[in-house]
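Structure record follows, encoded as structure tokens.
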Amino acid sequence: MKTWKKNIASISSALILSTCLAQSIGFASKFTTAVKPVYMVTKGTQHFDNNDGSISFTRSQNGILYLFDENGEQVLTFQGNRTASDHDAVYEITRLDMENPNRTFFIINSTIGIHPMNTGFWIIGKDNGTWKTFMTRESLSSAGYNLSLPQRLSIDAPGGEAIYLTSKHEGMPDPGQNMTQAKLTTVFRAGIRWDDSAHKFNVYSLSQNSSSDTVKSTKSKKSNATSSSSSRINQYSPRMSIDQVRIGGIGIGDSVDYVKSIYGEPTFTGDRGKNYLYDVLYSYNMKYGDSFTLSVVENSNGTEEIIDIDSNANNGLAMPCGIKVGSPVGDMYKNFGMPWRTISDKNSNHSYIYRTQYYPKVVFRTNQQHIITQITIVGME
């Protein structure tokens with residue numbers, strides 16, 4: 001997992017003071033510098049010592065995070081807003097100590113994907129001897145946080161009277177650019193202060209400082225010009241449901257008889273040859289028109305089934321979700337989230353690979369205009 005660097009501009013004390021005048025904030029205690037965050041990526045437990053005794057966070061196999069108190073009792077549960085993909089969630093836990101009075105809080109930032117999209121935010125601590133949640137992702141909406149917009153939320157706790165949040169939205173790059181040139185727009189800035197008289201946190205907007213940036217490639221222009229392709233792996237990407245792994249109603253494992261019952265006899269049938277991925281069984285290709293190709297394997301019992309599927313033209317054949325050749329790449333992200341692997345060539349064409357619940361993988365190829373030009377379902381590699 002890549003830890004994204006914080007890039008938050010310093011906020012002058014005058015701006016903070018002027019912003020807070022619009023709210024009724026009591027005595028604001030000071031925070032000491034926050035310790036380095038702990039990242040919980042897989043199933044496991046992290047222990048913390050604090051002013052209120054030893055506690056532990058446990059991330060379960062399904063991605064849900066639990067807090068256990070000093071007695072080993074489960075007291076809080078944390079689950080992001082995308083429950084279907086919680087098993088891929090990463091939790092960034094930051095311990096935050098406060099002086100005058102002497103208290104300890106924990107900031108939890110839940111993200112999904114190689115471009116870490118925020119799915120949850122919590123500030124927790126003890127109040128009157130009981131662990132409680134003081135602030136959530138929904139709490140930020142009062143300061144202008146858009147709960148429906150995919151965003152990267154970063155936290156800066158430099159010490160002092162406030163915690164600072166910055167959130168950026170990643171849009172698609174311009175035609176002809178690759179994904180490393182995707183535009184990042186700052187869409188939310190806020191400060192969070194502790195009100196000791198009311199025993200709560202207050203959030204206030206700093207959105208007037210929003211700006212637009214562009215993600216810059218870590219490679220130099222020279223290396224980009226000489227490199228033919230680049231590849232990125234996102235080990236936290238969600239797996240595609242197997243019921244979506246079909247094109248034109250055909251999926252891996254369907255029989256040739258079933259295909260012919262829908263489309264009739266193929267336009268073209270290729271020569272038989274040994275397929276070493278399938279225990280040296282014989283396989284061949286069959287085509288319908290010039291853009292829909294099915295690879296077939298002959299089983300030892302004489303039956304024939306589909307092992308690969310490819311559609312490379314806007315022939316009207318779609319996946320169950322409606323995506324087909326000619327669809328914008330944004331539809332792919334909307335339906336399946338961030339891909340498992342991204343391969344980019346020097347001409348700004350991309351291949352996005354998704355894992356499924358089983359062996360098959362799905363590959364979407366796109367052009368410079370970010371339109372899907374080919375969809376391939378691979379039964380086995």
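Within each chain, counting starts at residue 1; across the structure tokens, chains are named A, B, ... in the order shown, with ligands numbered 1 upward in that order.
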**Contacts of Val363 in chain A within 9 Å, only C-alpha atoms, excl. fewer than 4 positions in-chain, as a PyMOL selection string** = chain A and resi 351-354+374-378
Export of the given selection (N, CA and C atoms) as a PDB file, in the first residue's frame:
```
ATOM      1  N   SER A 351      -5.279  -0.531 -20.496  1.00  0.00           N
ATOM      2  CA  SER A 351      -5.963  -1.794 -20.234  1.00  0.00           C
ATOM      3  C   SER A 351      -6.224  -1.863 -18.740  1.00  0.00           C
ATOM      4  N   TYR A 352      -7.487  -2.047 -18.375  1.00  0.00           N
ATOM      5  CA  TYR A 352      -7.887  -2.137 -16.973  1.00  0.00           C
ATOM      6  C   TYR A 352      -8.333  -3.567 -16.699  1.00  0.00           C
ATOM      7  N   ILE A 353      -7.690  -4.205 -15.724  1.00  0.00           N
ATOM      8  CA  ILE A 353      -7.941  -5.610 -15.450  1.00  0.00           C
ATOM      9  C   ILE A 353      -8.617  -5.752 -14.093  1.00  0.00           C
ATOM     10  N   TYR A 354      -9.706  -6.509 -14.067  1.00  0.00           N
ATOM     11  CA  TYR A 354     -10.436  -6.771 -12.834  1.00  0.00           C
ATOM     12  C   TYR A 354     -10.389  -8.259 -12.503  1.00  0.00           C
ATOM     13  N   GLN A 374     -12.546  -2.528 -26.324  1.00  0.00           N
ATOM     14  CA  GLN A 374     -12.503  -3.981 -26.321  1.00  0.00           C
ATOM     15  C   GLN A 374     -12.764  -4.500 -24.913  1.00  0.00           C
ATOM     16  N   ILE A 375     -13.523  -5.572 -24.813  1.00  0.00           N
ATOM     17  CA  ILE A 375     -13.773  -6.252 -23.540  1.00  0.00           C
ATOM     18  C   ILE A 375     -13.417  -7.714 -23.720  1.00  0.00           C
ATOM     19  N   THR A 376     -12.547  -8.217 -22.856  1.00  0.00           N
ATOM     20  CA  THR A 376     -12.101  -9.604 -22.940  1.00  0.00           C
ATOM     21  C   THR A 376     -12.301 -10.281 -21.589  1.00  0.00           C
ATOM     22  N   ILE A 377     -12.894 -11.435 -21.590  1.00  0.00           N
ATOM     23  CA  ILE A 377     -13.015 -12.269 -20.397  1.00  0.00           C
ATOM     24  C   ILE A 377     -12.069 -13.447 -20.565  1.00  0.00           C
ATOM     25  N   VAL A 378     -11.110 -13.545 -19.667  1.00  0.00           N
ATOM     26  CA  VAL A 378     -10.091 -14.587 -19.735  1.00  0.00           C
ATOM     27  C   VAL A 378     -10.401 -15.623 -18.667  1.00  0.00           C
TER      28      VAL A 378
END
```
**Request:** Determine which residues of range 55-87 of chain A receive a DSSP assignment of helix (DSSP H, G or I), computed from the backbone, and state them as a PyMOL selection string.
**Result:** chain A and resi 83-87
**Request:** Please provide the set of residues having any atom within 9 Å of Lys168 in chain A, restricted to only C-alpha atoms, with same-chain residues fewer than 6 positions apart removed, written as number ranges by chain.
**Result:** A: 150-154, 184-188, 212
**Request:** Write out as JSON, numbers by chain each polymer residue whose atoms come within 8 Å of Thr32 in chain A, counting only C-alpha atoms; drop sequence neighbours fewer than 2 positions from it.
**Result:** {"A": [30, 34, 96, 97, 98, 99, 158, 159, 160]}
May I have the residues from that selection written out with N, CA and C atoms, as a short mmCIF file (atom, residue, chain, number, x, y, z; two decimals), in the first residue's frame?
```
data_model
loop_
_atom_site.label_atom_id
_atom_site.label_comp_id
_atom_site.auth_asym_id
_atom_site.auth_seq_id
_atom_site.Cartn_x
_atom_site.Cartn_y
_atom_site.Cartn_z
N LYS A 30 -5.25 22.57 23.46
CA LYS A 30 -4.20 22.39 22.48
C LYS A 30 -3.84 20.92 22.32
N ALA A 34 0.65 14.91 16.53
CA ALA A 34 0.13 13.55 16.41
C ALA A 34 1.25 12.57 16.07
N LEU A 96 -4.11 10.96 18.87
CA LEU A 96 -4.00 12.39 19.04
C LEU A 96 -4.12 12.73 20.52
N ASP A 97 -3.04 13.24 21.10
CA ASP A 97 -3.04 13.61 22.52
C ASP A 97 -3.34 15.10 22.67
N MET A 98 -4.06 15.43 23.74
CA MET A 98 -4.44 16.80 24.00
C MET A 98 -3.99 17.16 25.42
N GLU A 99 -3.56 18.40 25.57
CA GLU A 99 -3.15 18.87 26.89
C GLU A 99 -4.09 19.99 27.35
N PRO A 158 -0.81 19.07 13.16
CA PRO A 158 0.55 19.53 13.45
C PRO A 158 0.79 19.93 14.90
N GLY A 159 -0.23 19.88 15.71
CA GLY A 159 -0.12 20.42 17.07
C GLY A 159 -0.68 21.83 17.11
N GLY A 160 -1.26 22.20 18.21
CA GLY A 160 -1.92 23.48 18.31
C GLY A 160 -3.39 23.30 18.61
#
```
**Message:** If you run DSSP on the backbone here, which positions in range 65-164 of chain A get strand (DSSP E or B)? Please write them as a PyMOL selection string.
**Reply:** chain A and resi 65-68+74-78+90-99+103-112+117-127+130-136+152-156+160+163-164
**Request:** Using only C-alpha atoms, pick whichever of A:Val297, A:Ile192, A:Leu76, A:Val325 has the shortest atom-to-atom distance to Lys126 in chain A.
**Result:**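 Smallest separation from Lys126 in chain A among the options: A:Leu76.
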**Message:** Residues near Tyr333 in chain A, anyone? I mean within 12 Å using only C-alpha atoms, not counting same-chain ones fewer than 6 positions away, as a list in words.
**Reply:**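 Near Tyr333 in chain A, the qualifying residues are Gly113, Pro150, Gly171, Met172, Ser237, Pro238, Met240, Ile323, Ser327, Pro339, Trp340, Tyr352, Ile353, Tyr354, Phe364, His370 and Ile372 of chain A.
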**Message:** List the spatial neighbours of Pro320 in chain A as a ChimeraX atom specification - criterion: any atom at most 10 Å away, only C-alpha atoms, same-chain residues fewer than 2 positions off excluded.
**Reply:** /A:243-249,317-318,322-324
Output of the above residues as an mmCIF file, in the first residue's frame, restricted to C-alpha atoms:
```cif
data_model
loop_
_atom_site.group_PDB
_atom_site.id
_atom_site.type_symbol
_atom_site.label_atom_id
_atom_site.label_comp_id
_atom_site.auth_asym_id
_atom_site.auth_seq_id
_atom_site.Cartn_x
_atom_site.Cartn_y
_atom_site.Cartn_z
ATOM 1 C CA ASP A 243 -22.742 -12.940 -12.436
ATOM 2 C CA GLN A 244 -21.407 -9.835 -14.237
ATOM 3 C CA VAL A 245 -18.756 -11.809 -16.130
ATOM 4 C CA ARG A 246 -20.770 -12.280 -19.312
ATOM 5 C CA ILE A 247 -20.946 -10.620 -22.729
ATOM 6 C CA GLY A 248 -24.039 -10.921 -24.875
ATOM 7 C CA GLY A 249 -25.464 -13.454 -22.447
ATOM 8 C CA LEU A 317 -23.335 -7.101 -27.084
ATOM 9 C CA ALA A 318 -23.225 -5.928 -23.470
ATOM 10 C CA GLY A 322 -25.012 -2.627 -19.634
ATOM 11 C CA ILE A 323 -21.339 -1.884 -20.344
ATOM 12 C CA LYS A 324 -20.287 -2.647 -23.913
#
```
**Request:** Excluding range 62-66 of chain A and any residue of its chain fewer than 6 positions from it, enumerate the residues within 12 Å of it, using only C-alpha atoms, and give them as a VMD selection string.
**Result:** chain A and resid 39 to 47 55 to 56 72 to 93 108 to 112 119 to 120 122 236 238
Would you put the residues from that selection into a file with N, CA and C atoms, as a compact mmCIF listing (two decimals), in the first residue's frame?
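After the write, result_26.txt holds the following:
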```txt
# COMPACT_ATOMS: atom_id res chain seq x y z
N TYR A 39 -1.54 1.84 9.86
CA TYR A 39 -2.42 1.42 8.77
C TYR A 39 -2.79 -0.05 8.96
N MET A 40 -4.09 -0.31 8.97
CA MET A 40 -4.59 -1.68 9.09
C MET A 40 -5.17 -2.09 7.75
N VAL A 41 -4.43 -2.96 7.05
CA VAL A 41 -4.75 -3.35 5.68
C VAL A 41 -5.43 -4.72 5.64
N THR A 42 -4.98 -5.63 6.50
CA THR A 42 -5.50 -6.98 6.51
C THR A 42 -6.00 -7.33 7.92
N LYS A 43 -6.54 -8.52 8.06
CA LYS A 43 -7.05 -8.99 9.34
C LYS A 43 -5.95 -8.93 10.40
N GLY A 44 -6.26 -8.39 11.58
CA GLY A 44 -5.26 -8.31 12.64
C GLY A 44 -5.68 -7.35 13.72
N THR A 45 -4.79 -7.16 14.71
CA THR A 45 -5.07 -6.33 15.87
C THR A 45 -3.90 -5.39 16.14
N GLN A 46 -4.21 -4.14 16.50
CA GLN A 46 -3.21 -3.16 16.90
C GLN A 46 -3.55 -2.67 18.31
N HIS A 47 -2.54 -2.63 19.18
CA HIS A 47 -2.73 -2.20 20.56
C HIS A 47 -2.19 -0.79 20.76
N ILE A 55 -5.96 -0.05 24.87
CA ILE A 55 -7.08 -0.43 24.02
C ILE A 55 -6.54 -1.14 22.79
N SER A 56 -7.42 -1.71 21.99
CA SER A 56 -6.99 -2.38 20.77
C SER A 56 -8.03 -2.21 19.68
N GLY A 72 -11.05 -5.65 27.42
CA GLY A 72 -11.26 -6.60 26.34
C GLY A 72 -12.69 -6.66 25.84
N GLU A 73 -13.50 -5.68 26.22
CA GLU A 73 -14.89 -5.63 25.77
C GLU A 73 -15.01 -4.83 24.47
N GLN A 74 -15.78 -5.35 23.52
CA GLN A 74 -16.03 -4.62 22.27
C GLN A 74 -16.95 -3.45 22.56
N VAL A 75 -16.49 -2.24 22.21
CA VAL A 75 -17.28 -1.05 22.57
C VAL A 75 -17.72 -0.23 21.36
N LEU A 76 -16.99 -0.27 20.25
CA LEU A 76 -17.38 0.51 19.06
C LEU A 76 -17.09 -0.31 17.80
N THR A 77 -17.87 -0.04 16.76
CA THR A 77 -17.71 -0.70 15.46
C THR A 77 -17.62 0.37 14.39
N PHE A 78 -16.71 0.16 13.41
CA PHE A 78 -16.52 1.13 12.34
C PHE A 78 -16.66 0.42 11.00
N GLN A 79 -17.56 0.94 10.18
CA GLN A 79 -17.83 0.36 8.88
C GLN A 79 -18.07 1.48 7.88
N GLY A 80 -17.39 1.42 6.73
CA GLY A 80 -17.49 2.48 5.74
C GLY A 80 -18.84 2.53 5.05
N ASN A 81 -19.02 3.55 4.23
CA ASN A 81 -20.31 3.75 3.57
C ASN A 81 -20.49 2.84 2.36
N ARG A 82 -19.44 2.06 1.99
CA ARG A 82 -19.56 1.13 0.87
C ARG A 82 -19.44 -0.28 1.41
N THR A 83 -20.51 -0.76 2.01
CA THR A 83 -20.47 -2.01 2.74
C THR A 83 -20.18 -3.21 1.85
N ALA A 84 -20.50 -3.13 0.54
CA ALA A 84 -20.26 -4.27 -0.34
C ALA A 84 -18.78 -4.52 -0.58
N SER A 85 -17.95 -3.51 -0.33
CA SER A 85 -16.51 -3.67 -0.59
C SER A 85 -15.68 -3.42 0.66
N ASP A 86 -16.29 -3.59 1.85
CA ASP A 86 -15.56 -3.35 3.09
C ASP A 86 -14.35 -4.26 3.25
N HIS A 87 -14.39 -5.45 2.62
CA HIS A 87 -13.26 -6.36 2.78
C HIS A 87 -11.99 -5.79 2.17
N ASP A 88 -12.09 -4.76 1.34
CA ASP A 88 -10.93 -4.11 0.74
C ASP A 88 -10.56 -2.81 1.45
N ALA A 89 -11.23 -2.48 2.54
CA ALA A 89 -10.99 -1.21 3.21
C ALA A 89 -9.64 -1.19 3.92
N VAL A 90 -9.01 -0.01 3.92
CA VAL A 90 -7.79 0.24 4.67
C VAL A 90 -8.12 1.30 5.73
N TYR A 91 -7.69 1.05 6.97
CA TYR A 91 -7.98 1.97 8.06
C TYR A 91 -6.68 2.67 8.49
N GLU A 92 -6.70 4.01 8.44
CA GLU A 92 -5.59 4.84 8.91
C GLU A 92 -5.97 5.35 10.30
N ILE A 93 -5.25 4.91 11.32
CA ILE A 93 -5.58 5.25 12.71
C ILE A 93 -4.48 6.15 13.27
N ILE A 108 -9.81 8.08 12.81
CA ILE A 108 -9.85 6.91 11.93
C ILE A 108 -10.32 7.36 10.56
N ASN A 109 -9.50 7.07 9.55
CA ASN A 109 -9.82 7.43 8.17
C ASN A 109 -9.89 6.13 7.37
N SER A 110 -11.04 5.80 6.85
CA SER A 110 -11.24 4.57 6.09
C SER A 110 -11.20 4.88 4.60
N THR A 111 -10.40 4.11 3.84
CA THR A 111 -10.28 4.34 2.39
C THR A 111 -10.37 3.01 1.65
N ILE A 112 -10.65 3.13 0.35
CA ILE A 112 -10.67 1.97 -0.55
C ILE A 112 -9.96 2.36 -1.83
N THR A 119 -14.11 6.40 2.63
CA THR A 119 -15.39 5.73 2.86
C THR A 119 -15.87 5.88 4.30
N GLY A 120 -15.03 6.44 5.16
CA GLY A 120 -15.44 6.63 6.54
C GLY A 120 -14.47 7.53 7.29
N TRP A 122 -13.91 8.99 11.50
CA TRP A 122 -14.39 9.02 12.88
C TRP A 122 -13.34 9.67 13.78
N TYR A 236 -5.99 -3.84 -3.37
CA TYR A 236 -7.19 -3.65 -2.57
C TYR A 236 -8.45 -3.48 -3.42
N PRO A 238 -11.85 -4.17 -5.41
CA PRO A 238 -12.91 -5.16 -5.19
C PRO A 238 -12.94 -6.19 -6.29
```
**Asked** Counting only C-alpha atoms, which of A:Tyr263, A:Trp131, A:Tyr284, A:Phe57 gets nearest to Val38 in chain A?
**Response**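 Distance minimum relative to Val38 in chain A lands on A:Phe57.
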**Computed interatomic separation between CA of Asp345 in chain A and CA of Pro116 in chain A (Å)** =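 These atoms are spaced 23.5 Å apart.
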**Complete:** Using only C-alpha atoms, the best pick from A:Phe201, A:Phe121, A:Phe105, A:Tyr288 as closest to Arg137 in chain A would be A:Phe121
